$ cat coords.txt   # compact mmCIF, C-alpha atoms
# COMPACT_ATOMS: atom_id res chain seq x y z
CA MET K 27 1.21 23.62 25.86
CA LEU K 28 -1.11 20.62 26.03
CA THR K 29 -4.81 21.15 26.48
CA ALA K 30 -6.72 19.20 29.13
CA ALA K 31 -8.14 17.02 26.32
CA ASP K 32 -4.63 16.29 25.01
CA ARG K 33 -3.38 15.39 28.47
CA GLU K 34 -6.26 12.95 28.83
CA LEU K 35 -5.59 11.55 25.34
CA SER K 36 -1.90 11.14 26.24
CA ARG K 37 -2.88 9.11 29.30
CA ASP K 38 -5.14 6.99 27.10
CA MET K 39 -2.30 6.39 24.64
CA ALA K 40 0.03 5.29 27.47
CA ARG K 41 -2.49 2.53 28.29
CA PHE K 42 -1.95 1.09 24.80
CA TYR K 43 1.84 0.77 25.04
CA ASP K 44 1.57 -3.03 24.87
CA ASP K 45 -1.90 -3.27 23.33
CA PRO K 46 -1.86 -2.53 19.58
CA LEU K 47 -5.29 -4.14 19.11
CA GLY K 48 -6.84 -1.95 21.81
CA PHE K 49 -5.14 1.06 20.22
CA VAL K 50 -6.57 0.31 16.76
CA LYS K 51 -10.06 -0.19 18.17
CA TYR K 52 -9.81 3.03 20.20
CA VAL K 53 -8.26 5.58 17.83
CA PHE K 54 -10.27 4.93 14.66
CA PRO K 55 -14.02 5.66 14.29
CA TRP K 56 -15.27 2.10 13.74
CA GLY K 57 -19.01 1.91 13.07
CA ARG K 58 -19.50 5.69 13.24
CA PRO K 59 -20.77 7.82 10.34
CA GLY K 60 -18.09 8.28 7.71
CA LEU K 61 -15.56 6.02 6.02
CA LEU K 62 -15.73 3.25 8.65
CA ALA K 63 -19.51 3.29 9.16
CA LYS K 64 -19.91 -0.27 7.85
CA HIS K 65 -16.92 -1.67 9.73
CA THR K 66 -16.88 -2.79 13.36
CA GLY K 67 -13.11 -3.23 13.58
CA PRO K 68 -10.15 -5.00 12.02
CA ASP K 69 -10.56 -8.24 10.08
CA SER K 70 -10.18 -11.40 12.18
CA TRP K 71 -6.63 -12.15 10.95
CA GLN K 72 -5.63 -8.55 11.71
CA GLU K 73 -7.11 -8.80 15.22
CA GLU K 74 -5.22 -12.03 15.84
CA PHE K 75 -1.96 -10.53 14.55
CA LEU K 76 -2.33 -7.40 16.72
CA ALA K 77 -3.26 -9.45 19.80
CA ASP K 78 -0.25 -11.74 19.27
CA LEU K 79 2.00 -8.70 18.87
CA GLY K 80 0.69 -7.21 22.11
CA ALA K 81 1.39 -10.50 23.90
CA GLU K 82 4.96 -10.46 22.57
CA VAL K 83 5.50 -6.89 23.80
CA LYS K 84 4.12 -7.81 27.25
CA ALA K 85 6.25 -10.97 27.42
CA ARG K 86 9.46 -9.00 26.94
CA LYS K 87 8.76 -6.77 29.98
CA PHE K 88 10.93 -3.95 28.65
CA ASP K 89 11.98 -1.81 31.64
CA GLY K 90 13.23 1.21 29.71
CA HIS K 91 16.90 0.29 30.20
CA THR K 92 17.71 -3.37 29.57
CA ALA K 93 17.64 -4.40 25.90
CA VAL K 94 15.10 -7.00 24.85
CA SER K 95 14.90 -9.22 21.76
CA PRO K 96 13.14 -7.75 18.72
CA ILE K 97 9.75 -9.07 17.72
CA ARG K 98 9.65 -10.80 14.36
CA MET K 99 6.28 -11.83 13.01
CA ALA K 100 5.29 -13.02 9.54
CA VAL K 101 2.00 -13.42 7.72
CA ALA K 102 1.72 -15.58 4.62
CA SER K 103 -0.97 -14.16 2.37
CA GLY K 104 -2.10 -13.09 -1.06
CA HIS K 105 -2.60 -9.57 -2.38
CA GLY K 106 -5.16 -7.13 -1.03
CA ILE K 107 -5.97 -8.59 2.38
CA GLY K 108 -4.85 -5.57 4.42
CA LYS K 109 -1.13 -5.99 5.13
CA SER K 110 -0.41 -2.34 4.25
CA THR K 111 -3.26 -1.34 6.54
CA VAL K 112 -1.68 -3.25 9.43
CA SER K 113 1.66 -1.55 8.69
CA ALA K 114 -0.08 1.84 8.85
CA TRP K 115 -1.76 0.94 12.15
CA LEU K 116 1.56 -0.18 13.62
CA ALA K 117 3.26 3.07 12.61
CA HIS K 118 0.44 5.06 14.22
CA TRP K 119 0.57 2.89 17.34
CA ILE K 120 4.32 3.35 17.75
CA MET K 121 4.17 7.09 17.03
CA SER K 122 1.24 7.66 19.41
CA THR K 123 2.47 5.52 22.32
CA ARG K 124 6.26 5.99 22.32
CA PRO K 125 7.61 9.52 22.75
CA ARG K 126 10.45 10.43 20.40
CA ALA K 127 10.11 7.27 18.29
CA LYS K 128 12.15 7.24 15.09
CA GLY K 129 11.56 4.72 12.34
CA THR K 130 11.28 3.78 8.71
CA MET K 131 8.50 2.15 6.69
CA THR K 132 9.80 0.23 3.73
CA ALA K 133 8.42 -1.59 0.70
CA ASN K 134 9.92 -3.54 -2.18
CA THR K 135 9.68 -0.71 -4.71
CA ALA K 136 9.24 3.06 -4.58
CA ALA K 137 5.91 2.70 -6.41
CA GLN K 138 4.62 0.15 -3.90
CA LEU K 139 5.76 2.33 -1.03
CA GLN K 140 4.00 5.45 -2.31
CA ASN K 141 0.89 3.84 -3.81
CA LYS K 142 0.18 1.22 -1.15
CA THR K 143 2.11 1.33 2.11
CA TRP K 144 2.51 5.09 2.55
CA ALA K 145 -0.91 5.75 1.03
CA GLN K 146 -2.42 3.61 3.78
CA LEU K 147 -0.46 5.53 6.44
CA GLN K 148 -1.89 8.79 5.07
CA TYR K 149 -5.42 7.36 4.84
CA TRP K 150 -5.47 6.10 8.44
CA HIS K 151 -3.79 9.29 9.65
CA LYS K 152 -6.88 11.22 8.54
CA LEU K 153 -9.09 8.93 10.64
CA SER K 154 -6.97 8.82 13.82
CA ILE K 155 -7.95 10.74 16.94
CA THR K 156 -4.25 11.57 17.42
CA ARG K 157 -3.91 13.09 13.91
CA HIS K 158 -3.66 16.63 15.32
CA TRP K 159 -0.41 15.64 17.07
CA PHE K 160 1.32 14.81 13.78
CA GLU K 161 2.15 16.31 10.39
CA ILE K 162 2.39 14.02 7.37
CA SER K 163 3.90 14.50 3.93
CA THR K 164 4.61 12.14 1.04
CA GLU K 165 7.82 10.94 2.73
CA LYS K 166 7.60 11.57 6.47
CA MET K 167 5.20 11.67 9.42
CA TRP K 168 6.38 13.61 12.46
CA MET K 169 5.26 14.99 15.79
CA ARG K 170 4.43 18.69 15.45
CA ASP K 171 7.39 20.85 16.53
CA GLN K 172 9.63 17.72 16.77
CA LYS K 173 10.27 16.89 13.10
CA GLU K 174 13.83 15.61 13.64
CA ALA K 175 13.27 13.93 17.01
CA TRP K 176 9.98 11.99 16.60
CA PHE K 177 9.13 10.62 13.16
CA VAL K 178 8.60 7.78 10.73
CA SER K 179 9.96 8.13 7.19
CA ALA K 180 9.50 6.26 3.91
CA ALA K 181 12.26 4.28 2.15
CA SER K 182 11.94 1.57 -0.51
CA HIS K 183 14.23 -1.45 -0.79
CA GLU K 184 15.25 -0.06 -4.20
CA GLU K 185 16.64 3.05 -2.50
CA LYS K 186 18.51 1.01 0.11
CA ASN K 187 19.88 -1.76 -2.10
CA PRO K 188 19.26 -1.59 -5.86
CA ARG K 189 20.88 -5.05 -6.25
CA LEU K 190 18.39 -6.77 -3.95
CA SER K 191 17.31 -9.95 -5.75
CA ARG K 192 13.89 -10.04 -7.40
CA ALA K 193 12.99 -13.16 -5.40
CA ASN K 194 13.82 -11.37 -2.16
CA MET K 195 11.90 -8.29 -3.25
CA ARG K 196 8.80 -10.39 -3.94
CA LEU K 197 9.06 -12.17 -0.60
CA THR K 198 9.68 -9.37 1.85
CA ARG K 199 8.10 -6.09 2.81
CA LEU K 200 9.37 -4.62 6.05
CA ALA K 201 7.84 -1.99 8.24
CA SER K 202 10.51 -1.16 10.75
CA ILE K 203 9.90 1.24 13.59
CA SER K 204 12.48 1.81 16.28
CA SER K 205 13.61 4.49 18.63
CA THR K 206 16.76 5.96 20.00
CA ASN K 207 14.96 6.77 23.23
CA PRO K 208 15.96 4.16 25.85
CA GLN K 209 12.41 4.28 27.22
CA VAL K 210 11.03 3.06 23.92
CA TYR K 211 10.80 -0.57 22.96
CA ARG K 212 12.92 -1.46 19.91
CA THR K 213 11.06 -3.60 17.42
CA ARG K 214 10.80 -4.70 13.81
CA PHE K 215 7.71 -5.96 12.05
CA SER K 216 7.77 -7.86 8.78
CA THR K 217 5.08 -9.12 6.49
CA LEU K 218 5.85 -11.87 4.02
CA ARG K 219 3.78 -12.52 0.94
CA LYS K 220 2.79 -16.02 -0.04
CA VAL K 221 4.94 -17.40 -2.83
CA VAL K 222 2.78 -19.07 -5.47

$ encode --input "coords.txt" --output "structure tokens"
Amino acid sequence: MLTAADRELSRDMARFYDDPLGFVKYVFPWGRPGLLAKHTGPDSWQEEFLADLGAEVKARKFDGHTAVSPIRMAVASGHGIGKSTVSAWLAHWIMSTRPRAKGTMTANTAAQLQNKTWAQLQYWHKLSITRHWFEISTEKMWMRDQKEAWFVSAASHEEKNPRLSRANMRLTRLASISSTNPQVYRTRFSTLRKVV
């Protein structure tokens, strides 16, 4: 049974269905004592990416029944600028705003998945105001009491296709979140690294 505070938080999360930037600014303790005390919000490129994503979700006007085109966005960048952080935010946004979402976060290698992408999901989970709704392990994040119906799991490209070319592995890291619930928007997010 939901508490009054959880019902209010659920209403707040519904407001962010097509606003990932608003979600990220709302659910994490930016500028407050603790790990984010010296940060006022996402970096400017992250803000722009999240705002553009929100505009794409709004533009598709998903009605809960009629299929819409997936969103495909790419960011050319170097190492260490916060791509894994954005992937973690997107997973939290989908999980917190779309009931019964099911998805997969992927990375080029199992080591990258565990040490970077999934590590960021776990880090931001600890900071989220919706963290009490979810359990998280080293391979899966799920809604409490709905482990098989509402989750995001980890899978590396190595696990999916061990013959994936090295060039492809260097170029692509996908964070794919989708849902079998017809009321949930189906989407895929990808981040491409700059080829030097």

$ atom_distance --input "coords.txt" --atom1 "CA of Ser154 in chain K" --atom2 "CA of Arg33 in chain K"
16.5 Å

$ residues_around --input "coords.txt" --residues "Ala175 in chain K" --least-positions-apart "2" --cutoff "8 Å" --atoms "all atoms listed in the file" --output "MDAnalysis selection string"
chainID K and resid 126:128 172:173 177

$ closest_residue --input "coords.txt" --among "K:Trp150, K:Pro125, K:Gly60, K:Asp44" --to "Arg86 in chain K" --atoms "all atoms listed in the file"
K:Asp44

$ atom_distance --input "coords.txt" --atom1 "CA of Asn141 in chain K" --atom2 "CA of Ser103 in chain K"
19.1 Å

$ residues_around --input "coords.txt" --residues "Trp159 in chain K" --least-positions-apart "6" --cutoff "10 Å" --atoms "only C-alpha atoms" --output "JSON, numbers by chain"
{"K": [32, 121, 122, 168, 169, 170, 171]}

$ residues_near_point --input "coords.txt" --point "(-15.4, 1.6, 14.9)" --cutoff "9 Å" --atoms "all atoms listed in the file" --output "count of residues only"
15

$ closest_residue --input "coords.txt" --among "K:Lys152, K:Lys84, K:Lys142, K:His91" --to "Tyr43 in chain K" --atoms "all atoms listed in the file"
K:Lys84
